[in-house]
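Trainee: Just upload_32.cif, nothing more (mmCIF, C-alpha atoms):
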data_work
loop_
_atom_site.group_PDB
_atom_site.id
_atom_site.type_symbol
_atom_site.label_atom_id
_atom_site.label_comp_id
_atom_site.auth_asym_id
_atom_site.auth_seq_id
_atom_site.Cartn_x
_atom_site.Cartn_y
_atom_site.Cartn_z
ATOM 1 C CA MET B 274 122.761 100.133 52.383
ATOM 2 C CA PRO B 275 120.633 100.353 55.541
ATOM 3 C CA CYS B 276 117.258 98.724 55.858
ATOM 4 C CA ASP B 277 114.250 100.934 56.551
ATOM 5 C CA ARG B 278 113.195 99.458 59.880
ATOM 6 C CA MET B 279 114.332 96.748 62.261
ATOM 7 C CA LEU B 280 112.499 95.374 65.273
ATOM 8 C CA ILE B 281 114.503 94.426 68.347
ATOM 9 C CA ALA B 282 112.723 92.163 70.831
ATOM 10 C CA TYR B 283 113.883 93.249 74.277
ATOM 11 C CA ASP B 284 113.010 91.657 77.626
ATOM 12 C CA GLY B 285 115.817 93.013 79.798
ATOM 13 C CA SER B 286 117.796 89.768 79.872
ATOM 14 C CA GLU B 287 121.536 89.622 79.331
ATOM 15 C CA ASN B 288 120.879 87.832 76.038
ATOM 16 C CA ALA B 289 118.589 90.648 74.858
ATOM 17 C CA LYS B 290 121.241 93.201 75.794
ATOM 18 C CA ARG B 291 123.777 91.210 73.774
ATOM 19 C CA ALA B 292 121.382 91.162 70.800
ATOM 20 C CA ILE B 293 121.130 94.973 70.872
ATOM 21 C CA THR B 294 124.917 95.256 70.928
ATOM 22 C CA TYR B 295 125.250 93.002 67.877
ATOM 23 C CA ALA B 296 122.424 94.772 66.051
ATOM 24 C CA GLY B 297 124.283 98.059 66.471
ATOM 25 C CA ARG B 298 127.544 96.459 65.416
ATOM 26 C CA PHE B 299 126.390 94.575 62.309
ATOM 27 C CA LEU B 300 123.155 96.177 61.093
ATOM 28 C CA SER B 301 122.176 99.578 59.828
ATOM 29 C CA ALA B 302 118.608 100.845 59.737
ATOM 30 C CA GLU B 303 116.824 104.141 59.311
ATOM 31 C CA LYS B 304 114.800 103.265 62.424
ATOM 32 C CA ALA B 305 115.142 100.571 65.092
ATOM 33 C CA VAL B 306 112.033 99.802 67.125
ATOM 34 C CA VAL B 307 112.805 98.339 70.553
ATOM 35 C CA LEU B 308 109.820 96.187 71.493
ATOM 36 C CA THR B 309 108.970 94.891 74.940
ATOM 37 C CA ALA B 310 105.937 92.599 74.957
ATOM 38 C CA TRP B 311 104.112 92.192 78.259
ATOM 39 C CA GLU B 312 101.219 90.249 79.737
ATOM 40 C CA PRO B 313 98.771 91.841 82.216
ATOM 41 C CA MET B 314 98.977 90.561 85.794
ATOM 42 C CA VAL B 315 95.368 89.360 85.753
ATOM 43 C CA ARG B 316 96.163 86.990 82.856
ATOM 44 C CA GLN B 317 99.419 85.850 84.443
ATOM 45 C CA ALA B 318 97.578 85.003 87.665
ATOM 46 C CA ALA B 319 94.821 83.160 85.792
ATOM 47 C CA ARG B 320 97.329 81.169 83.730
ATOM 48 C CA LEU B 321 99.396 80.192 86.761
ATOM 49 C CA SER B 322 96.379 79.188 88.834
ATOM 50 C CA GLY B 323 95.073 77.132 85.918
ATOM 51 C CA LEU B 324 98.380 75.276 85.701
ATOM 52 C CA SER B 325 98.241 74.444 89.397
ATOM 53 C CA GLY B 326 94.675 73.139 89.178
ATOM 54 C CA VAL B 327 93.434 75.725 91.666
ATOM 55 C CA MET B 328 90.157 77.440 90.855
ATOM 56 C CA GLN B 329 90.806 81.127 90.234
ATOM 57 C CA PRO B 330 88.113 83.495 91.490
ATOM 58 C CA GLU B 331 87.183 86.263 89.106
ATOM 59 C CA TRP B 332 89.512 89.154 89.694
ATOM 60 C CA VAL B 333 89.009 92.499 88.051
ATOM 61 C CA PRO B 334 91.671 95.113 88.784
ATOM 62 C CA GLU B 335 90.595 98.678 89.411
ATOM 63 C CA ASP B 336 90.777 100.851 86.313
ATOM 64 C CA GLU B 337 92.613 103.609 88.152
ATOM 65 C CA ILE B 338 95.458 101.331 89.240
ATOM 66 C CA GLU B 339 98.155 100.860 86.637
ATOM 67 C CA ASP B 340 99.103 97.233 86.015
ATOM 68 C CA ILE B 341 102.494 96.556 87.593
ATOM 69 C CA ALA B 342 103.439 94.346 84.637
ATOM 70 C CA TYR B 343 102.864 97.299 82.290
ATOM 71 C CA ARG B 344 104.902 99.601 84.501
ATOM 72 C CA ASP B 345 107.741 97.042 84.575
ATOM 73 C CA ALA B 346 107.538 96.580 80.785
ATOM 74 C CA ARG B 347 107.881 100.326 80.259
ATOM 75 C CA ALA B 348 110.949 100.441 82.528
ATOM 76 C CA VAL B 349 112.536 97.468 80.745
ATOM 77 C CA ASN B 350 111.731 99.043 77.383
ATOM 78 C CA ALA B 351 113.315 102.368 78.406
ATOM 79 C CA GLU B 352 116.486 100.479 79.307
ATOM 80 C CA GLY B 353 116.467 98.754 75.897
ATOM 81 C CA LEU B 354 115.940 102.064 74.136
ATOM 82 C CA HIS B 355 118.914 103.547 75.978
ATOM 83 C CA LEU B 356 121.111 100.560 75.053
ATOM 84 C CA ALA B 357 120.039 100.814 71.405
ATOM 85 C CA GLU B 358 120.955 104.494 71.325
ATOM 86 C CA LEU B 359 124.330 103.702 72.925
ATOM 87 C CA ALA B 360 124.834 101.078 70.190
ATOM 88 C CA GLY B 361 124.419 103.849 67.608
ATOM 89 C CA LEU B 362 120.900 102.986 66.491
ATOM 90 C CA ASN B 363 118.206 105.553 65.714
ATOM 91 C CA ALA B 364 115.723 103.908 68.039
ATOM 92 C CA GLU B 365 112.185 104.342 69.274
ATOM 93 C CA ALA B 366 110.445 102.553 72.131
ATOM 94 C CA ARG B 367 107.360 100.383 71.933
ATOM 95 C CA THR B 368 105.553 98.235 74.485
ATOM 96 C CA GLU B 369 102.943 95.792 73.297
ATOM 97 C CA GLU B 370 100.377 93.931 75.389
ATOM 98 C CA CYS B 371 100.276 90.332 74.273
ATOM 99 C CA SER B 372 96.902 88.664 74.067
ATOM 100 C CA THR B 373 98.239 85.159 73.462
ATOM 101 C CA THR B 374 102.011 84.639 73.545
ATOM 102 C CA ILE B 375 105.094 86.826 73.599
ATOM 103 C CA TRP B 376 106.345 85.429 70.289
ATOM 104 C CA ASN B 377 102.993 86.147 68.660
ATOM 105 C CA ALA B 378 103.080 89.765 69.853
ATOM 106 C CA ILE B 379 106.554 90.129 68.313
ATOM 107 C CA VAL B 380 105.474 88.645 64.982
ATOM 108 C CA GLU B 381 102.280 90.744 64.875
ATOM 109 C CA CYS B 382 104.209 93.938 65.650
ATOM 110 C CA ALA B 383 106.762 93.093 62.936
ATOM 111 C CA ASP B 384 103.923 92.620 60.463
ATOM 112 C CA GLU B 385 102.157 95.820 61.532
ATOM 113 C CA LEU B 386 105.353 97.867 61.181
ATOM 114 C CA ASP B 387 106.459 95.953 58.072
ATOM 115 C CA VAL B 388 110.002 95.661 59.413
ATOM 116 C CA ASP B 389 112.865 94.385 57.297
ATOM 117 C CA ILE B 390 114.464 92.272 60.056
ATOM 118 C CA ILE B 391 113.768 91.092 63.606
ATOM 119 C CA VAL B 392 116.603 90.910 66.133
ATOM 120 C CA ALA B 393 116.369 88.745 69.266
ATOM 121 C CA GLY B 394 118.604 87.058 71.792
ATOM 122 C CA THR B 395 118.357 83.355 72.567
ATOM 123 C CA ARG B 396 118.654 81.441 75.826
ATOM 124 C CA GLY B 397 120.998 78.913 74.284
ATOM 125 C CA SER B 398 119.217 75.908 75.801
ATOM 126 C CA THR B 399 120.098 72.527 74.347
ATOM 127 C CA GLY B 400 119.097 68.927 74.809
ATOM 128 C CA LEU B 401 116.253 68.030 77.161
ATOM 129 C CA ARG B 402 116.025 71.561 78.556
ATOM 130 C CA ALA B 403 115.377 72.914 75.039
ATOM 131 C CA LEU B 404 112.622 70.332 74.527
ATOM 132 C CA LEU B 405 110.899 71.154 77.814
ATOM 133 C CA ARG B 406 111.081 74.950 77.518
ATOM 134 C CA SER B 407 109.825 76.561 74.380
ATOM 135 C CA SER B 408 111.921 79.435 73.168
ATOM 136 C CA VAL B 409 110.390 82.755 72.170
ATOM 137 C CA ALA B 410 113.214 83.276 69.664
ATOM 138 C CA ASP B 411 112.655 79.835 68.139
ATOM 139 C CA ALA B 412 108.903 80.460 67.816
ATOM 140 C CA VAL B 413 109.527 83.845 66.165
ATOM 141 C CA LEU B 414 111.878 82.171 63.701
ATOM 142 C CA ARG B 415 109.336 79.434 62.878
ATOM 143 C CA HIS B 416 106.277 81.691 62.543
ATOM 144 C CA CYS B 417 107.665 84.875 61.034
ATOM 145 C CA HIS B 418 108.172 85.282 57.313
ATOM 146 C CA ARG B 419 110.892 87.912 57.651
ATOM 147 C CA PRO B 420 114.645 87.714 58.151
ATOM 148 C CA VAL B 421 115.558 87.131 61.790
ATOM 149 C CA LEU B 422 118.920 87.730 63.475
ATOM 150 C CA LEU B 423 119.193 85.460 66.516
ATOM 151 C CA VAL B 424 122.094 86.259 68.826
ATOM 152 C CA PRO B 425 123.183 83.368 71.071
ATOM 153 C CA PRO B 426 124.366 83.939 74.634
ATOM 154 C CA GLY B 427 128.050 84.547 75.260
ATOM 155 C CA ARG B 428 130.306 81.951 76.784
#
Please go through the file and, once you have read it, give me the structure as structure tokens.

Mentor:
Amino acid sequence: MPCDRMLIAYDGSENAKRAITYAGRFLSAEKAVVLTAWEPMVRQAARLSGLSGVMQPEWVPEDEIEDIAYRDARAVNAEGLHLAELAGLNAEARTEECSTTIWNAIVECADELDVDIIVAGTRGSTGLRALLRSSVADAVLRHCHRPVLLVPPGR
């Protein structure tokens, strides 16, 4: 019996592509929402300059100019939608601007859509590397109160 709705977190990585393939192979849903979360360039620049200790002057992009991060997110999302359709899923595209973290945008979207399951790929980091780099998939698993299918990277 298929679930009503699944959410597939898609960032364009090989691991995310693998997750879509496995979702199509093992899961059935009336609707699959392919989500690409993105962060505006102005926030990325502010965060990076803050990490370096450099004072960031106030920068306000022109309203008429589309944020390149949004444009890239839409292109990545279109690719994920295409892959989901090739995997046999009845899919729809969604991009979501994150105001805090990528994992939080995924969890909030899952709650808003009331999905039955979240699908995501993992980086497969272990040891010290896993301790130093937080994983979006791990944070989704820890903060979401829904079933989550995490697909590890291939060999």

Trainee: In terms of the shortest atom-to-atom distance over all atoms listed in the file, which of B:Ile390, B:Ala378, B:Ala310, B:Leu354 is closest to B:Arg419?

Mentor: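 Answer, going by the shortest atom-to-atom distance: B:Ile390.
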
Trainee: Please provide as a PDB file with C-alpha atoms, in the coordinates of the input all residues within 6 Å of stretch 277-291 of chain B, with the sequence filter that same-chain residues fewer than 2 positions apart are discarded (counting all atoms listed in the file).

Mentor:
ATOM      1  CA  ILE B 293     121.130  94.973  70.872  1.00  0.00           C
ATOM      2  CA  THR B 294     124.917  95.256  70.928  1.00  0.00           C
ATOM      3  CA  ALA B 302     118.608 100.845  59.737  1.00  0.00           C
ATOM      4  CA  GLU B 303     116.824 104.141  59.311  1.00  0.00           C
ATOM      5  CA  LYS B 304     114.800 103.265  62.424  1.00  0.00           C
ATOM      6  CA  ALA B 305     115.142 100.571  65.092  1.00  0.00           C
ATOM      7  CA  VAL B 306     112.033  99.802  67.125  1.00  0.00           C
ATOM      8  CA  VAL B 307     112.805  98.339  70.553  1.00  0.00           C
ATOM      9  CA  LEU B 308     109.820  96.187  71.493  1.00  0.00           C
ATOM     10  CA  THR B 309     108.970  94.891  74.940  1.00  0.00           C
ATOM     11  CA  VAL B 349     112.536  97.468  80.745  1.00  0.00           C
ATOM     12  CA  VAL B 388     110.002  95.661  59.413  1.00  0.00           C
ATOM     13  CA  ASP B 389     112.865  94.385  57.297  1.00  0.00           C
ATOM     14  CA  ILE B 390     114.464  92.272  60.056  1.00  0.00           C
ATOM     15  CA  ILE B 391     113.768  91.092  63.606  1.00  0.00           C
ATOM     16  CA  VAL B 392     116.603  90.910  66.133  1.00  0.00           C
ATOM     17  CA  ALA B 393     116.369  88.745  69.266  1.00  0.00           C
ATOM     18  CA  GLY B 394     118.604  87.058  71.792  1.00  0.00           C
ATOM     19  CA  PRO B 426     124.366  83.939  74.634  1.00  0.00           C
TER      20      PRO B 426
END

Trainee: Kindly resolve the PyMOL selection byres ((chain B and resi 312) around 6) on the present coordinates and return the residues as a list in words.

Mentor: Trp311, Pro313, Glu370 and Cys371 of chain B

Trainee: Grab the residues selected above and save them as a tab-separated table (two decimals), in the coordinates of the input with C-alpha atoms.

Mentor:
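Contents of the output file again.tsv:
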chain	number	residue	atom	x	y	z
B	311	TRP	CA	104.11	92.19	78.26
B	313	PRO	CA	98.77	91.84	82.22
B	370	GLU	CA	100.38	93.93	75.39
B	371	CYS	CA	100.28	90.33	74.27

Trainee: To one decimal place in Å, what is the distance between atom CA of B:Ile375 and atom CA of B:Glu352?

Mentor: 18.7 Å

Trainee: May I ask for the distance between atom CA of B:Arg428 and atom CA of B:Arg415, given in Å to one decimal place?

Mentor: 25.3 Å

Trainee: Determine the nearest neighbour of B:Asn363 from the options B:Leu386, B:Pro275, B:Asn350, B:Glu339, counting only C-alpha atoms.

Mentor: B:Pro275

Trainee: Which one is closest to B:Ser408: B:Pro420, B:Trp376, B:Tyr295, B:Gly361? Count all atoms listed in the file.

Mentor: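 Using all atoms listed in the file, the shortest distance to B:Ser408 belongs to B:Trp376.
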
Trainee: Just checking: using only C-alpha atoms, which residue out of B:Ala412, B:Ala292, B:Met314, B:Met274 ends up closest to B:Ile379?

Mentor: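 Checking each candidate against B:Ile379, we get B:Ala412 as the closest.
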
Trainee: To one decimal in Å, tell me the separation between atom CA of B:Tyr343 and atom CA of B:Glu358.

Mentor: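 Between these atoms lies a distance of 22.3 Å.
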
Trainee: Pick out the closest residue to B:Val380 from this set: B:Ala364, B:Ala348, B:Leu414, B:Val424. Count all atoms listed in the file.

Mentor: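 Of the candidates, the smallest distance to B:Val380 is held by B:Leu414.
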